[in-house]
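Raw query-v5.cif, mmCIF, C-alpha atoms; chains and numbers go by the auth columns:
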```
data_work
#
loop_
_atom_site.group_PDB
_atom_site.id
_atom_site.type_symbol
_atom_site.label_atom_id
_atom_site.label_comp_id
_atom_site.label_asym_id
_atom_site.label_seq_id
_atom_site.Cartn_x
_atom_site.Cartn_y
_atom_site.Cartn_z
_atom_site.B_iso_or_equiv
_atom_site.auth_seq_id
_atom_site.auth_asym_id
ATOM 1 C CA MET A 1 112.271 109.322 93.313 0.00 107 A
ATOM 2 C CA SER A 2 112.939 106.551 95.814 0.00 108 A
ATOM 3 C CA ALA A 3 114.596 103.190 95.310 0.00 109 A
ATOM 4 C CA ASN A 4 111.239 101.394 95.395 0.00 110 A
ATOM 5 C CA THR A 5 109.856 103.248 92.376 0.00 111 A
ATOM 6 C CA VAL A 6 109.898 101.516 88.984 0.00 112 A
ATOM 7 C CA PRO A 7 112.377 103.289 86.685 0.00 113 A
ATOM 8 C CA PHE A 8 110.614 105.597 84.228 0.00 114 A
ATOM 9 C CA PRO A 9 111.486 103.838 80.912 0.00 115 A
ATOM 10 C CA VAL A 10 109.507 100.711 81.867 0.00 116 A
ATOM 11 C CA GLN A 11 106.176 102.466 81.356 0.00 117 A
ATOM 12 C CA SER A 12 107.259 105.461 79.270 0.00 118 A
ATOM 13 C CA ARG A 13 105.082 104.763 76.238 0.00 119 A
ATOM 14 C CA GLN A 14 101.883 104.532 78.282 0.00 120 A
ATOM 15 C CA PHE A 15 102.881 107.429 80.564 0.00 121 A
ATOM 16 C CA GLY A 16 103.411 109.696 77.555 0.00 122 A
ATOM 17 C CA LYS A 17 99.795 109.236 76.476 0.00 123 A
ATOM 18 C CA TYR A 18 98.594 110.986 79.622 0.00 124 A
ATOM 19 C CA PHE A 19 101.411 113.275 80.765 0.00 125 A
ATOM 20 C CA GLU A 20 104.368 115.189 79.473 0.00 126 A
ATOM 21 C CA TYR A 21 107.403 113.027 80.242 0.00 127 A
ATOM 22 C CA SER A 22 108.842 115.809 82.394 0.00 128 A
ATOM 23 C CA ARG A 23 105.907 115.329 84.804 0.00 129 A
ATOM 24 C CA TYR A 24 106.907 111.812 85.895 0.00 130 A
ATOM 25 C CA ASN A 25 108.738 112.921 89.039 0.00 131 A
ATOM 26 C CA ASP A 26 105.837 115.242 89.938 0.00 132 A
ATOM 27 C CA VAL A 27 103.364 112.361 89.679 0.00 133 A
ATOM 28 C CA VAL A 28 105.510 110.049 91.813 0.00 134 A
ATOM 29 C CA ARG A 29 106.187 112.850 94.309 0.00 135 A
ATOM 30 C CA ALA A 30 102.437 113.438 94.729 0.00 136 A
ATOM 31 C CA MET A 31 101.888 109.738 95.486 0.00 137 A
ATOM 32 C CA HIS A 32 104.828 109.570 97.921 0.00 138 A
ATOM 33 C CA GLY A 33 103.596 112.750 99.614 0.00 139 A
ATOM 34 C CA MET A 34 100.140 111.294 100.138 0.00 140 A
ATOM 35 C CA LEU A 35 101.542 108.057 101.563 0.00 141 A
ATOM 36 C CA ALA A 36 103.842 110.027 103.877 0.00 142 A
ATOM 37 C CA GLY A 37 100.712 111.541 105.444 0.00 143 A
ATOM 38 C CA ILE A 38 99.368 108.088 106.351 0.00 144 A
ATOM 39 C CA HIS A 39 101.306 106.409 109.164 0.00 145 A
ATOM 40 C CA ASP A 40 100.538 102.897 107.879 0.00 146 A
ATOM 41 C CA GLY A 41 100.443 103.697 104.149 0.00 147 A
ATOM 42 C CA GLN A 42 101.613 100.813 101.986 0.00 148 A
ATOM 43 C CA ALA A 43 101.104 101.655 98.318 0.00 149 A
ATOM 44 C CA CYS A 44 99.751 104.086 95.782 0.00 150 A
ATOM 45 C CA VAL A 45 99.471 102.866 92.188 0.00 151 A
ATOM 46 C CA LEU A 46 98.379 104.800 89.103 0.00 152 A
ATOM 47 C CA SER A 47 97.130 102.855 86.094 0.00 153 A
ATOM 48 C CA THR A 48 95.106 103.208 82.932 0.00 154 A
ATOM 49 C CA LEU A 49 91.492 102.049 82.823 0.00 155 A
ATOM 50 C CA ASP A 50 92.627 98.990 80.892 0.00 156 A
ATOM 51 C CA GLY A 51 95.129 98.009 83.592 0.00 157 A
ATOM 52 C CA HIS A 52 98.480 99.332 82.356 0.00 158 A
ATOM 53 C CA HIS A 53 100.796 100.456 85.141 0.00 159 A
ATOM 54 C CA LEU A 54 101.825 104.129 84.858 0.00 160 A
ATOM 55 C CA ALA A 55 103.563 104.960 88.144 0.00 161 A
ATOM 56 C CA HIS A 56 103.618 103.950 91.771 0.00 162 A
ATOM 57 C CA ALA A 57 104.905 104.566 95.258 0.00 163 A
ATOM 58 C CA ALA A 58 104.905 101.188 96.989 0.00 164 A
ATOM 59 C CA ALA A 59 106.780 98.852 99.262 0.00 165 A
ATOM 60 C CA PRO A 60 109.313 96.858 97.215 0.00 166 A
ATOM 61 C CA MET A 61 107.656 93.509 97.964 0.00 167 A
ATOM 62 C CA LEU A 62 104.416 94.568 96.254 0.00 168 A
ATOM 63 C CA ASP A 63 103.877 93.843 92.561 0.00 169 A
ATOM 64 C CA ALA A 64 102.774 97.289 91.333 0.00 170 A
ATOM 65 C CA PRO A 65 101.958 96.223 87.738 0.00 171 A
ATOM 66 C CA ARG A 66 99.700 93.456 89.068 0.00 172 A
ATOM 67 C CA LEU A 67 98.076 95.855 91.542 0.00 173 A
ATOM 68 C CA ALA A 68 97.455 98.244 88.629 0.00 174 A
ATOM 69 C CA ALA A 69 95.705 95.531 86.620 0.00 175 A
ATOM 70 C CA VAL A 70 93.543 94.334 89.511 0.00 176 A
ATOM 71 C CA SER A 71 92.651 97.894 90.601 0.00 177 A
ATOM 72 C CA SER A 72 91.542 98.801 87.095 0.00 178 A
ATOM 73 C CA SER A 73 89.435 95.653 86.851 0.00 179 A
ATOM 74 C CA LEU A 74 87.711 96.389 90.165 0.00 180 A
ATOM 75 C CA ALA A 75 87.065 100.013 89.164 0.00 181 A
ATOM 76 C CA ASN A 76 85.518 98.868 85.877 0.00 182 A
ATOM 77 C CA MET A 77 83.323 96.315 87.667 0.00 183 A
ATOM 78 C CA ALA A 78 82.209 98.923 90.220 0.00 184 A
ATOM 79 C CA GLU A 79 81.395 101.338 87.418 0.00 185 A
ATOM 80 C CA THR A 80 79.331 98.675 85.655 0.00 186 A
ATOM 81 C CA LEU A 81 77.510 97.870 88.899 0.00 187 A
ATOM 82 C CA THR A 82 76.649 101.502 89.578 0.00 188 A
ATOM 83 C CA ARG A 83 75.465 101.983 85.994 0.00 189 A
ATOM 84 C CA ASP A 84 73.291 98.838 86.181 0.00 190 A
ATOM 85 C CA LEU A 85 71.801 100.115 89.441 0.00 191 A
ATOM 86 C CA GLY A 86 71.038 103.462 87.828 0.00 192 A
ATOM 87 C CA GLN A 87 73.468 105.147 90.224 0.00 193 A
ATOM 88 C CA HIS A 88 75.750 107.018 87.861 0.00 194 A
ATOM 89 C CA GLY A 89 78.806 108.956 88.973 0.00 195 A
ATOM 90 C CA PHE A 90 81.119 106.262 90.385 0.00 196 A
ATOM 91 C CA LEU A 91 83.591 107.890 92.809 0.00 197 A
ATOM 92 C CA ASP A 92 85.518 105.154 94.539 0.00 198 A
ATOM 93 C CA ILE A 93 85.446 101.678 95.962 0.00 199 A
ATOM 94 C CA VAL A 94 86.727 100.811 99.435 0.00 200 A
ATOM 95 C CA VAL A 95 87.942 97.306 100.239 0.00 201 A
ATOM 96 C CA GLN A 96 88.404 96.542 103.932 0.00 202 A
ATOM 97 C CA THR A 97 90.112 93.429 105.256 0.00 203 A
ATOM 98 C CA ASP A 98 91.471 92.299 108.609 0.00 204 A
ATOM 99 C CA GLY A 99 94.893 93.494 107.474 0.00 205 A
ATOM 100 C CA GLY A 100 94.091 96.815 105.863 0.00 206 A
ATOM 101 C CA ILE A 101 92.207 99.071 103.509 0.00 207 A
ATOM 102 C CA ALA A 102 92.404 99.687 99.775 0.00 208 A
ATOM 103 C CA VAL A 103 90.686 102.588 98.042 0.00 209 A
ATOM 104 C CA ILE A 104 90.298 102.584 94.273 0.00 210 A
ATOM 105 C CA GLN A 105 89.466 105.971 92.759 0.00 211 A
ATOM 106 C CA ARG A 106 88.819 107.091 89.199 0.00 212 A
ATOM 107 C CA VAL A 107 91.023 110.098 88.400 0.00 213 A
ATOM 108 C CA PRO A 108 88.889 113.155 87.477 0.00 214 A
ATOM 109 C CA ARG A 109 89.087 115.040 84.163 0.00 215 A
ATOM 110 C CA PRO A 110 91.324 115.390 82.274 0.00 216 A
ATOM 111 C CA GLY A 111 92.687 112.170 83.777 0.00 217 A
ATOM 112 C CA GLN A 112 89.413 110.275 83.494 0.00 218 A
ATOM 113 C CA GLN A 113 91.108 107.384 81.710 0.00 219 A
ATOM 114 C CA MET A 114 93.172 106.539 84.821 0.00 220 A
ATOM 115 C CA VAL A 115 92.609 104.784 88.137 0.00 221 A
ATOM 116 C CA MET A 116 94.449 105.327 91.414 0.00 222 A
ATOM 117 C CA MET A 117 94.689 102.747 94.197 0.00 223 A
ATOM 118 C CA THR A 118 95.865 103.483 97.731 0.00 224 A
ATOM 119 C CA ALA A 119 96.511 100.744 100.295 0.00 225 A
ATOM 120 C CA THR A 120 97.044 101.180 104.026 0.00 226 A
ATOM 121 C CA GLY A 121 97.119 99.105 107.157 0.00 227 A
ATOM 122 C CA HIS A 122 93.971 98.656 109.245 0.00 228 A
ATOM 123 C CA GLU A 123 94.672 101.522 111.662 0.00 229 A
ATOM 124 C CA THR A 124 93.781 104.344 109.264 0.00 230 A
ATOM 125 C CA ASN A 125 90.193 105.529 108.936 0.00 231 A
ATOM 126 C CA PRO A 126 88.729 104.411 105.566 0.00 232 A
ATOM 127 C CA GLY A 127 87.141 107.831 105.033 0.00 233 A
ATOM 128 C CA LEU A 128 90.527 109.496 105.506 0.00 234 A
ATOM 129 C CA VAL A 129 92.146 107.135 102.986 0.00 235 A
ATOM 130 C CA ALA A 130 89.350 107.850 100.487 0.00 236 A
ATOM 131 C CA SER A 131 89.696 111.599 100.998 0.00 237 A
ATOM 132 C CA LEU A 132 93.495 111.585 100.650 0.00 238 A
ATOM 133 C CA THR A 133 93.254 109.395 97.547 0.00 239 A
ATOM 134 C CA ARG A 134 90.691 111.736 96.015 0.00 240 A
ATOM 135 C CA ASN A 135 92.894 114.786 96.730 0.00 241 A
ATOM 136 C CA CYS A 136 95.950 113.066 95.253 0.00 242 A
ATOM 137 C CA ALA A 137 93.946 112.069 92.171 0.00 243 A
ATOM 138 C CA VAL A 138 92.929 115.706 91.683 0.00 244 A
ATOM 139 C CA THR A 139 96.566 116.794 91.997 0.00 245 A
ATOM 140 C CA ILE A 140 97.664 114.201 89.437 0.00 246 A
ATOM 141 C CA SER A 141 94.793 115.112 87.123 0.00 247 A
ATOM 142 C CA ALA A 142 96.048 118.700 87.071 0.00 248 A
ATOM 143 C CA LEU A 143 99.368 117.393 85.705 0.00 249 A
ATOM 144 C CA CYS A 144 97.669 115.596 82.789 0.00 250 A
ATOM 145 C CA LEU A 145 97.848 116.563 79.165 0.00 251 A
ATOM 146 C CA ALA A 146 94.633 118.045 77.811 0.00 252 A
ATOM 147 C CA SER A 147 92.086 115.379 76.928 0.00 253 A
ATOM 148 C CA ARG A 148 92.525 113.968 73.449 0.00 254 A
ATOM 149 C CA ASP A 149 92.028 110.689 71.598 0.00 255 A
ATOM 150 C CA ARG A 150 94.120 108.132 73.434 0.00 256 A
#
```

Rewrite the structure of this file - the entire thing - as structure tokens.
Amino acid sequence: MSANTVPFPVQSRQFGKYFEYSRYNDVVRAMHGMLAGIHDGQACVLSTLDGHHLAHAAAPMLDAPRLAAVSSSLANMAETLTRDLGQHGFLDIVVQTDGGIAVIQRVPRPGQQMVMMTATGHETNPGLVASLTRNCAVTISALCLASRDR
């Protein structure tokens, strides 16, 4: 775990709903590993669908809990939009700006109650960021507790 990772006890109650506590370092390691593969990677944040921060790998100047809340809100709005359009099966949303790219991805089963956000600079291909985020989400999903009432 690096110095720019929020200490585990801050989000332990929420984290324990989705993972065994012993999996925290594995989750953070997966996010750091993904960002290490992106030369201008800035952040990876894992949150619940209702916006609670679970874990992150991010630059210290970024507010990971706020990013978690905003990412979850955008994922929920995108899901509503796709449902209203009759296009079920929301995968991800890509936000491109002059300064960079953010990909917001719903974590697959059994982690379907979580959202992952990855942010990079503008030099990385958006499709690559989406693919790496999707692969990381699958890795993190495999670390989840079996689905149960949360």

Hey, what comes out of the PyMOL selection byres ((chain A and resi 211) around 6) on this file? Could you write it as a short mmCIF file (atom, residue, chain, number, x, y, z; two decimals) with C-alpha atoms, in the frame of the given file?
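Okay, this is what ended up in expr.cif:
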```cif
data_model
loop_
_atom_site.label_atom_id
_atom_site.label_comp_id
_atom_site.auth_asym_id
_atom_site.auth_seq_id
_atom_site.Cartn_x
_atom_site.Cartn_y
_atom_site.Cartn_z
CA ASP A 198 85.52 105.15 94.54
CA ILE A 210 90.30 102.58 94.27
CA ARG A 212 88.82 107.09 89.20
CA VAL A 221 92.61 104.78 88.14
CA MET A 222 94.45 105.33 91.41
#
```

Carefully work through the PyMOL selection byres ((chain A and resi 180) around 12) for this structure and note down the residues it includes, as a PyMOL selection string. chain A and resi 155-157+173-179+181-187+196+198-201+208-212+221-223

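Closest approach to Cys250 in chain A among A:Arg119, A:His194, A:His158, A:Arg129: A:Arg129, based on only C-alpha atoms.
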
In file coordinates, which residues lie within 9 Å of (108.2, 111.1, 94.2) using all atoms listed in the file, given as a list in words? Met107, Ser108, Thr111, Tyr130, Asn131, Asp132, Val133, Val134, Arg135, Ala136, Met137, His138, Gly139, His162 and Ala163 of chain A

Near-Tyr124 in chain A list (8 Å; all atoms listed in the file; drop same-chain fewer than 4 positions) as a count of residues only: 4

Ile207 in chain A: which residues within 8 Å, counting only C-alpha atoms, same-chain residues fewer than 6 positions away excluded, as a CSV table (one decimal) with C-alpha atoms, keeping the file's coordinate frame?
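Printed below is result.csv as written:
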```
chain,number,residue,atom,x,y,z
A,200,VAL,CA,86.7,100.8,99.4
A,201,VAL,CA,87.9,97.3,100.2
A,225,ALA,CA,96.5,100.7,100.3
A,226,THR,CA,97.0,101.2,104.0
A,227,GLY,CA,97.1,99.1,107.2
A,228,HIS,CA,94.0,98.7,109.2
A,230,THR,CA,93.8,104.3,109.3
A,232,PRO,CA,88.7,104.4,105.6
```

Which residues are close to Arg240 in chain A, i.e. within 8 Å by only C-alpha atoms, leaving aside same-chain residues fewer than 3 positions away? Reply as an MDAnalysis selection string. chainID A and resid 211 213 236:237 243:244
